[in-house]
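Step one of this worksheet: look at the structure below.
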Amino acid sequence: MKQQRILLLIGGGIAAYKCLDLIRRLREEGVSVRAVMTRAATQFITPLSVGALTNEKVFTDLFDLNDEQEIGHIRLSREADLLIVAPATADFLAKMAGGHADDLASTVLMAIDKPVLVAPAMNPRMWLHPATRRNVAQLEADGIRFVGPNTGEMAERNEAGPGRLAEVPEIIAAAKAILAKPATPLRSVRSKAPLAGRHVLVTSGPTHEPIDPVRYIANRSSGKQGHAIAAAAAALGARVTLVTGPVALPDPQGVDVVRVETAAEMLAAVTQGLPADVGVFAAAVADWRPAATPKEKIKKAKDETPAIALVENPDILAAIAKPGARRPSLVIGFAAETRDVVAYAKKKREAKGADWIAANDVSPKSGVFGGDANTVHLVTASGVEDWPKLTKDEVAERLMRRAAEFLKQSAAAAE
Ligand code: CTP
């Protein structure tokens, strides 16, 4: 990178302080660094310390007349081989995606014809927000390259998830890769989230089917597997809608949660959640519900045991897997079986119209219901994969990575 010129746009985030180290390391590599700071950035670190490290004037104001005469935004852009935005806040990404030019940093970006490397840093909820997902997808399409964000603890207490500024050596490695091969296609440089720009809809937990206002029919599903899938999809960059029956689990980070009780409510919420790229049906939906639900509690009567007549519930997976414009590109069902696991799963895949069935043994000896581990057989059109015994989190990540791969291949085949 020796003798190359980097223009560093410092955004207003708590991670701005890491830019001081970034500048030092870049200068050690023999790179000259010029810095532009947004107004918000100057609240986190001072232009004085930035200037001391760049050994150059620090630019902050679009309307600094001297600067405009001597070295305006066009020159700032021209005299750089690479522009790095760090930390890129949600607001700054939105401005970039929208083409705004209302301060020096955004104006420089609009004027640049050199590669741009963006290192985002923000709260995980902001990173996973649909607006940010949209903006990132737009910027990628425009040829902007990204490094990070990394997943981990946030500055805010008790917050974790994707949103940490990439580490300084990672930013430098990404910058080097771009400068070594300025024409490198975007995807080979950035660590793109595999499910970025995708919508994943997940059902989870049991359903409760009321017998009367105080009693219900339910099952032993804990919702752990479904919730883990929603969390894994979000961590891989997807927008996630989780439709869940009653469970005793916290909401996964960065996921839109819709709480329901009955199968009928679950079907309605899922239908409303469409369209989705991937539908994962991990809920243990009650197969039947009481035909009638009296408004008043059923009283115990002497010598009389009430008979509960049952009617079948809608099959949510089968309904959503039906061919049609709103069918997700990939429909994944689960098969909870107590014997002949794979044979039943194969039949279920065809009967319900799912693309994949993740089959598991839920016999009491397996400990799957309520437990943390799961042994899955993935049944697809092309065969059966026997996965080793994994934790439910591992099953979730493996399944969502497979889903991302599937979507990528389908997109490539459609081109
Ligand atoms: N499923 C569903 N709606 C239902 C029943 C099941 O969406 N009313 C979905 C489950 O979420 C799961 C798959 O269908 O992905 C298979 O569920 P499972 O309970 O194993 O199968 P059933 O259809 O109930 O068949 P059976 O109980 O006879 O094994």
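Following the order of the structure tokens, first chain is A, next is B, and so on, with residues numbered from 1 inside each chain and ligands from 1 in the order they appear.
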
Within 8 Å of Ala80 in chain A, counting only C-alpha atoms, which residues show up once you throw out same-chain ones fewer than 5 positions away? Write them as a PDB file with C-alpha atoms, in the first residue's frame, please.
```
ATOM      1  CA  GLN A   4      -1.141   5.283  -1.623  1.00  0.00           C
ATOM      2  CA  ARG A   5      -3.603   7.854  -0.426  1.00  0.00           C
ATOM      3  CA  ILE A   6      -6.581   7.046   1.697  1.00  0.00           C
ATOM      4  CA  LEU A   7      -9.379   9.440   2.462  1.00  0.00           C
ATOM      5  CA  LYS A 114     -12.549   5.635  -6.525  1.00  0.00           C
TER       6      LYS A 114
END
```

What are the closest atom pairs, with distances in Å to one decimal, for each residue of chain A lying within 9 Å of ligand 1, using only C-alpha atoms and all ligand atoms, rows by chain and rising residue number, as CSV?
```
residue,atom,partner,partner_atom_place_in_ligand_line,distance
A:Thr203,CA,ligand 1,11 (O),6.9
A:Ser204,CA,ligand 1,11 (O),7.6
A:Gly205,CA,ligand 1,11 (O),9.0
A:Ala263,CA,ligand 1,8 (N),6.6
A:Ala264,CA,ligand 1,8 (N),8.9
A:Met266,CA,ligand 1,7 (O),8.9
A:Leu267,CA,ligand 1,7 (O),8.1
A:Val280,CA,ligand 1,15 (O),7.3
A:Phe281,CA,ligand 1,11 (O),4.2
A:Ala282,CA,ligand 1,11 (O),4.5
A:Ala283,CA,ligand 1,11 (O),4.2
A:Ala284,CA,ligand 1,11 (O),5.2
A:Val285,CA,ligand 1,4 (C),4.7
A:Ala286,CA,ligand 1,8 (N),6.0
A:Asp287,CA,ligand 1,8 (N),5.1
A:Trp288,CA,ligand 1,8 (N),7.8
A:Glu312,CA,ligand 1,8 (N),7.9
A:Asn313,CA,ligand 1,8 (N),5.3
A:Pro314,CA,ligand 1,8 (N),5.0
A:Asp315,CA,ligand 1,8 (N),3.5
A:Ile316,CA,ligand 1,7 (O),3.6
A:Leu317,CA,ligand 1,7 (O),3.7
A:Ala318,CA,ligand 1,7 (O),6.6
A:Ala319,CA,ligand 1,7 (O),8.0
A:Ile320,CA,ligand 1,7 (O),8.5
A:Ile332,CA,ligand 1,15 (O),7.0
A:Gly333,CA,ligand 1,15 (O),3.5
A:Phe334,CA,ligand 1,15 (O),3.6
A:Ala335,CA,ligand 1,20 (O),3.6
A:Ala336,CA,ligand 1,20 (O),3.9
A:Glu337,CA,ligand 1,20 (O),6.1
A:Thr338,CA,ligand 1,29 (O),8.8
A:Tyr344,CA,ligand 1,29 (O),7.6
A:Ala345,CA,ligand 1,20 (O),8.0
A:Lys348,CA,ligand 1,16 (C),7.0
A:Arg349,CA,ligand 1,13 (C),8.7
A:Lys352,CA,ligand 1,14 (O),7.5
A:Ala354,CA,ligand 1,15 (O),8.8
A:Ile357,CA,ligand 1,15 (O),7.3
A:Ala358,CA,ligand 1,15 (O),8.0
A:Ala359,CA,ligand 1,20 (O),8.0
A:Asn360,CA,ligand 1,20 (O),8.8
```

Would you export the selected residues with N, CA and C atoms as a tab-separated table (two decimals), in the first residue's frame, please?
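Dumped to selection03.tsv:
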```tsv
chain	number	residue	atom	x	y	z
A	203	THR	N	-42.00	-20.59	12.00
A	203	THR	CA	-43.00	-20.87	13.05
A	203	THR	C	-42.29	-21.66	14.16
A	204	SER	N	-42.76	-21.47	15.39
A	204	SER	CA	-42.07	-22.09	16.52
A	204	SER	C	-43.04	-22.34	17.65
A	205	GLY	N	-42.69	-23.30	18.50
A	205	GLY	CA	-43.46	-23.54	19.72
A	205	GLY	C	-44.70	-24.40	19.50
A	263	ALA	N	-53.70	-22.71	16.34
A	263	ALA	CA	-53.25	-23.01	14.98
A	263	ALA	C	-53.87	-22.03	13.99
A	264	ALA	N	-55.14	-21.70	14.19
A	264	ALA	CA	-55.82	-20.79	13.26
A	264	ALA	C	-55.14	-19.42	13.29
A	266	MET	N	-52.05	-18.91	14.11
A	266	MET	CA	-50.71	-19.07	13.53
A	266	MET	C	-50.79	-19.00	12.00
A	267	LEU	N	-51.79	-19.68	11.44
A	267	LEU	CA	-51.95	-19.65	9.98
A	267	LEU	C	-52.18	-18.22	9.50
A	280	VAL	N	-39.78	-21.61	7.33
A	280	VAL	CA	-39.35	-22.75	8.14
A	280	VAL	C	-40.46	-23.05	9.14
A	281	PHE	N	-41.01	-24.26	9.08
A	281	PHE	CA	-42.17	-24.60	9.89
A	281	PHE	C	-41.73	-25.55	11.00
A	282	ALA	N	-41.28	-24.94	12.09
A	282	ALA	CA	-40.75	-25.72	13.20
A	282	ALA	C	-41.76	-25.85	14.33
A	283	ALA	N	-42.91	-25.21	14.18
A	283	ALA	CA	-43.90	-25.27	15.26
A	283	ALA	C	-44.50	-26.67	15.36
A	284	ALA	N	-44.83	-27.07	16.58
A	284	ALA	CA	-45.56	-28.31	16.79
A	284	ALA	C	-47.03	-27.92	16.90
A	285	VAL	N	-47.62	-27.76	15.73
A	285	VAL	CA	-49.01	-27.29	15.67
A	285	VAL	C	-49.92	-28.42	16.15
A	286	ALA	N	-50.87	-28.10	17.00
A	286	ALA	CA	-51.82	-29.14	17.45
A	286	ALA	C	-52.59	-29.62	16.23
A	287	ASP	N	-52.70	-30.93	16.08
A	287	ASP	CA	-53.38	-31.47	14.90
A	287	ASP	C	-54.89	-31.25	14.98
A	288	TRP	N	-55.40	-31.23	16.19
A	288	TRP	CA	-56.86	-31.07	16.36
A	288	TRP	C	-57.16	-29.98	17.37
A	312	GLU	N	-60.16	-31.19	12.89
A	312	GLU	CA	-58.77	-31.07	12.45
A	312	GLU	C	-58.39	-29.60	12.28
A	313	ASN	N	-57.16	-29.26	12.64
A	313	ASN	CA	-56.64	-27.91	12.43
A	313	ASN	C	-56.12	-27.78	11.00
A	314	PRO	N	-56.04	-26.55	10.50
A	314	PRO	CA	-55.42	-26.37	9.17
A	314	PRO	C	-53.96	-26.79	9.24
A	315	ASP	N	-53.46	-27.37	8.18
A	315	ASP	CA	-52.02	-27.69	8.12
A	315	ASP	C	-51.31	-26.48	7.54
A	316	ILE	N	-50.58	-25.77	8.39
A	316	ILE	CA	-49.98	-24.49	7.98
A	316	ILE	C	-48.91	-24.72	6.92
A	317	LEU	N	-48.05	-25.71	7.19
A	317	LEU	CA	-46.97	-26.02	6.24
A	317	LEU	C	-47.56	-26.36	4.87
A	318	ALA	N	-48.54	-27.25	4.83
A	318	ALA	CA	-49.12	-27.67	3.56
A	318	ALA	C	-49.79	-26.49	2.85
A	319	ALA	N	-50.44	-25.62	3.63
A	319	ALA	CA	-51.13	-24.49	3.01
A	319	ALA	C	-50.14	-23.54	2.35
A	320	ILE	N	-49.01	-23.28	3.03
A	320	ILE	CA	-48.04	-22.30	2.51
A	320	ILE	C	-47.21	-22.92	1.39
A	332	ILE	N	-39.34	-25.31	4.27
A	332	ILE	CA	-38.72	-26.35	5.10
A	332	ILE	C	-39.68	-26.74	6.22
A	333	GLY	N	-39.98	-28.03	6.29
A	333	GLY	CA	-40.83	-28.52	7.37
A	333	GLY	C	-40.02	-29.37	8.33
A	334	PHE	N	-40.59	-29.65	9.47
A	334	PHE	CA	-39.97	-30.56	10.43
A	334	PHE	C	-40.88	-31.78	10.54
A	335	ALA	N	-40.29	-32.92	10.81
A	335	ALA	CA	-41.11	-34.09	11.08
A	335	ALA	C	-40.71	-34.61	12.44
A	336	ALA	N	-41.66	-34.57	13.34
A	336	ALA	CA	-41.41	-35.10	14.68
A	336	ALA	C	-41.97	-36.51	14.69
A	337	GLU	N	-41.10	-37.48	14.83
A	337	GLU	CA	-41.55	-38.87	14.77
A	337	GLU	C	-41.02	-39.64	15.97
A	338	THR	N	-41.72	-40.69	16.30
A	338	THR	CA	-41.21	-41.53	17.39
A	338	THR	C	-40.70	-42.87	16.87
A	344	TYR	N	-41.15	-41.92	7.37
A	344	TYR	CA	-42.30	-41.02	7.55
A	344	TYR	C	-41.97	-39.62	7.00
A	345	ALA	N	-40.72	-39.20	7.19
A	345	ALA	CA	-40.34	-37.85	6.75
A	345	ALA	C	-40.43	-37.74	5.23
A	348	LYS	N	-43.95	-37.38	4.35
A	348	LYS	CA	-44.44	-36.07	4.77
A	348	LYS	C	-44.01	-34.99	3.79
A	349	ARG	N	-42.76	-35.11	3.29
A	349	ARG	CA	-42.23	-34.11	2.35
A	349	ARG	C	-43.13	-34.04	1.12
A	352	LYS	N	-46.94	-32.95	2.01
A	352	LYS	CA	-47.14	-31.54	2.38
A	352	LYS	C	-46.58	-30.57	1.34
A	354	ALA	N	-43.43	-29.84	0.83
A	354	ALA	CA	-42.24	-29.10	1.30
A	354	ALA	C	-41.04	-29.43	0.41
A	357	ILE	N	-37.47	-31.60	4.47
A	357	ILE	CA	-38.00	-31.93	5.79
A	357	ILE	C	-36.82	-32.24	6.71
A	358	ALA	N	-36.76	-31.54	7.81
A	358	ALA	CA	-35.76	-31.86	8.83
A	358	ALA	C	-36.44	-32.80	9.80
A	359	ALA	N	-36.06	-34.07	9.71
A	359	ALA	CA	-36.76	-35.09	10.50
A	359	ALA	C	-36.00	-35.35	11.78
A	360	ASN	N	-36.73	-35.48	12.88
A	360	ASN	CA	-36.05	-35.83	14.12
A	360	ASN	C	-36.88	-36.79	14.96
```

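Among the residues of range 27-89 of chain A, backbone DSSP assigns alpha helix (DSSP H) to A:Arg27, A:Glu28, A:Ala41, A:Thr42, A:Gln43, A:Phe44, A:Pro47, A:Leu48, A:Ser49, A:Val50, A:Gly51, A:Ala52, A:Leu53, A:Thr54, A:Leu65, A:Asn66, A:Asp67, A:Glu68, A:Gln69, A:Glu70, A:Ile71, A:His73, A:Ile74, A:Arg75, A:Leu76, A:Ser77, A:Arg78.
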
I'd like a table as CSV: residues in range 66-117 of chain A with an atom no more than 10 Å from range 142-156 of chain A, each row giving the shortest atom pair and its distance in Å to one decimal, only C-alpha atoms counted, sorted by chain and rising residue number.
```
residue,atom,partner,partner_atom,distance
A:Ile84,CA,A:Arg145,CA,9.5
A:Val85,CA,A:Phe146,CA,9.4
A:Ala86,CA,A:Val147,CA,9.8
A:Pro87,CA,A:Pro149,CA,9.7
A:Ala88,CA,A:Pro149,CA,9.7
A:Met96,CA,A:Ile144,CA,9.9
A:Ala97,CA,A:Asp142,CA,8.7
A:Pro115,CA,A:Ile144,CA,7.2
A:Val116,CA,A:Ile144,CA,5.5
A:Leu117,CA,A:Arg145,CA,4.8
```

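Shell of Asp61 in chain A at 9 Å, with only C-alpha atoms counted and residues fewer than 4 places along the chain excluded, is Val36, Met37, Thr38, Arg39, Asp67, Asp103, Leu104 and Ala105 of chain A.
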
Grab the residues selected above and save them as a CSV table (one decimal), in the first residue's frame with C-alpha atoms.
```csv
chain,number,residue,atom,x,y,z
A,36,VAL,CA,-13.0,14.1,6.9
A,37,MET,CA,-15.2,14.0,10.0
A,38,THR,CA,-18.9,14.3,10.2
A,39,ARG,CA,-20.3,16.8,12.8
A,67,ASP,CA,-11.1,24.9,2.0
A,103,ASP,CA,-22.4,17.9,4.5
A,104,LEU,CA,-18.8,17.5,3.6
A,105,ALA,CA,-18.5,13.7,4.1
```

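Here CA of Ala137 in chain A and CA of Ala231 in chain A stand 20.5 Å from one another.
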
Next on the checklist: I need the residues of range 109-335 of chain A that end up classed as strand (DSSP E) by DSSP on the backbone, written out as a PyMOL selection string.
Outcome noted: chain A and resi 116-120+145-146+150-153+160-164+199-204+209-210+216-217+239-244+256-259+278-281+288-290+310-312+330-335

Next, write the just-selected residues to a file, as a CSV table (one decimal), in the first residue's frame, keeping C-alpha atoms as the atom set.
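The result, written out as part.csv:
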```
chain,number,residue,atom,x,y,z
A,116,VAL,CA,-15.2,2.9,-1.4
A,117,LEU,CA,-14.8,0.6,1.6
A,118,VAL,CA,-17.4,0.9,4.3
A,119,ALA,CA,-17.0,-0.4,7.9
A,120,PRO,CA,-20.4,-0.2,9.6
A,145,ARG,CA,-17.5,-2.7,-0.6
A,146,PHE,CA,-18.1,-3.7,3.1
A,150,ASN,CA,-18.6,-8.2,13.4
A,151,THR,CA,-20.8,-10.0,15.9
A,152,GLY,CA,-20.3,-9.5,19.6
A,153,GLU,CA,-20.9,-7.4,22.7
A,160,ALA,CA,-25.0,-8.4,21.6
A,161,GLY,CA,-25.3,-9.2,17.9
A,162,PRO,CA,-24.0,-8.1,14.6
A,163,GLY,CA,-22.9,-4.4,14.7
A,164,ARG,CA,-19.4,-4.1,16.0
A,199,HIS,CA,-36.8,-12.6,4.4
A,200,VAL,CA,-37.1,-15.7,6.5
A,201,LEU,CA,-40.4,-16.7,8.1
A,202,VAL,CA,-40.3,-19.2,11.0
A,203,THR,CA,-43.0,-20.9,13.1
A,204,SER,CA,-42.1,-22.1,16.5
A,209,GLU,CA,-56.3,-25.0,21.5
A,210,PRO,CA,-58.9,-23.9,24.0
A,216,TYR,CA,-56.5,-26.1,26.6
A,217,ILE,CA,-54.9,-28.9,24.6
A,239,ARG,CA,-35.0,-10.1,8.0
A,240,VAL,CA,-36.8,-12.6,10.2
A,241,THR,CA,-40.4,-12.9,11.2
A,242,LEU,CA,-41.0,-15.4,14.0
A,243,VAL,CA,-44.5,-16.6,14.5
A,244,THR,CA,-44.6,-18.3,17.8
A,256,ASP,CA,-39.9,-9.5,14.4
A,257,VAL,CA,-41.9,-11.7,16.8
A,258,VAL,CA,-45.6,-12.3,16.4
A,259,ARG,CA,-47.2,-14.2,19.3
A,278,VAL,CA,-37.6,-19.1,3.1
A,279,GLY,CA,-40.4,-20.5,5.3
A,280,VAL,CA,-39.4,-22.8,8.1
A,281,PHE,CA,-42.2,-24.6,9.9
A,288,TRP,CA,-56.9,-31.1,16.4
A,289,ARG,CA,-58.8,-28.5,18.3
A,290,PRO,CA,-62.0,-28.9,20.3
A,310,LEU,CA,-62.2,-32.7,18.0
A,311,VAL,CA,-61.9,-31.2,14.5
A,312,GLU,CA,-58.8,-31.1,12.5
A,330,LEU,CA,-37.7,-22.7,-0.1
A,331,VAL,CA,-40.2,-24.4,2.2
A,332,ILE,CA,-38.7,-26.4,5.1
A,333,GLY,CA,-40.8,-28.5,7.4
A,334,PHE,CA,-40.0,-30.6,10.4
A,335,ALA,CA,-41.1,-34.1,11.1
```

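With only C-alpha atoms as the atoms that count, the residue of A:Ser366, A:Thr132, A:Thr46, A:Gln272 with the shortest distance to Ala238 in chain A is A:Thr132.
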
Item to check | Å distance separating CA of Pro246 in chain A from CA of Gly371 in chain A, one decimal place | outcome: 17.0 Å

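Residue nearest Asp393 in chain A within the list A:Ala218, A:Ala131, A:Ala232, A:Ala166: A:Ala232 [criterion: smallest interatomic distance, only C-alpha atoms].
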
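For the choices A:Thr271, A:Asn374, A:Thr380, A:Ser410, the atom-to-atom distance to Ser329 in chain A is smallest for A:Ser410 when using only C-alpha atoms.
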
Checklist outcome for this item: note - CA of Lys302 in chain A and CA of Val214 in chain A are separated by 20.1 Å

Hey, what's within 8 Å of Ala40 in chain A if we count only C-alpha atoms and toss same-chain stuff fewer than 5 positions away? As an mmCIF file with all heavy atoms, in the first residue's frame, please?
```
data_model
loop_
_atom_site.group_PDB
_atom_site.id
_atom_site.type_symbol
_atom_site.label_atom_id
_atom_site.label_comp_id
_atom_site.auth_asym_id
_atom_site.auth_seq_id
_atom_site.Cartn_x
_atom_site.Cartn_y
_atom_site.Cartn_z
ATOM 1 N N GLY A 11 -17.346 8.625 10.797
ATOM 2 C CA GLY A 11 -18.751 8.854 11.139
ATOM 3 C C GLY A 11 -18.932 8.986 12.641
ATOM 4 O O GLY A 11 -18.024 8.709 13.429
ATOM 5 N N GLY A 12 -20.138 9.395 13.029
ATOM 6 C CA GLY A 12 -20.412 9.685 14.433
ATOM 7 C C GLY A 12 -20.914 8.486 15.192
ATOM 8 O O GLY A 12 -22.119 8.283 15.336
ATOM 9 N N GLY A 13 -20.019 7.681 15.685
ATOM 10 C CA GLY A 13 -20.417 6.530 16.496
ATOM 11 C C GLY A 13 -19.386 6.313 17.579
ATOM 12 O O GLY A 13 -18.254 6.816 17.487
#
```
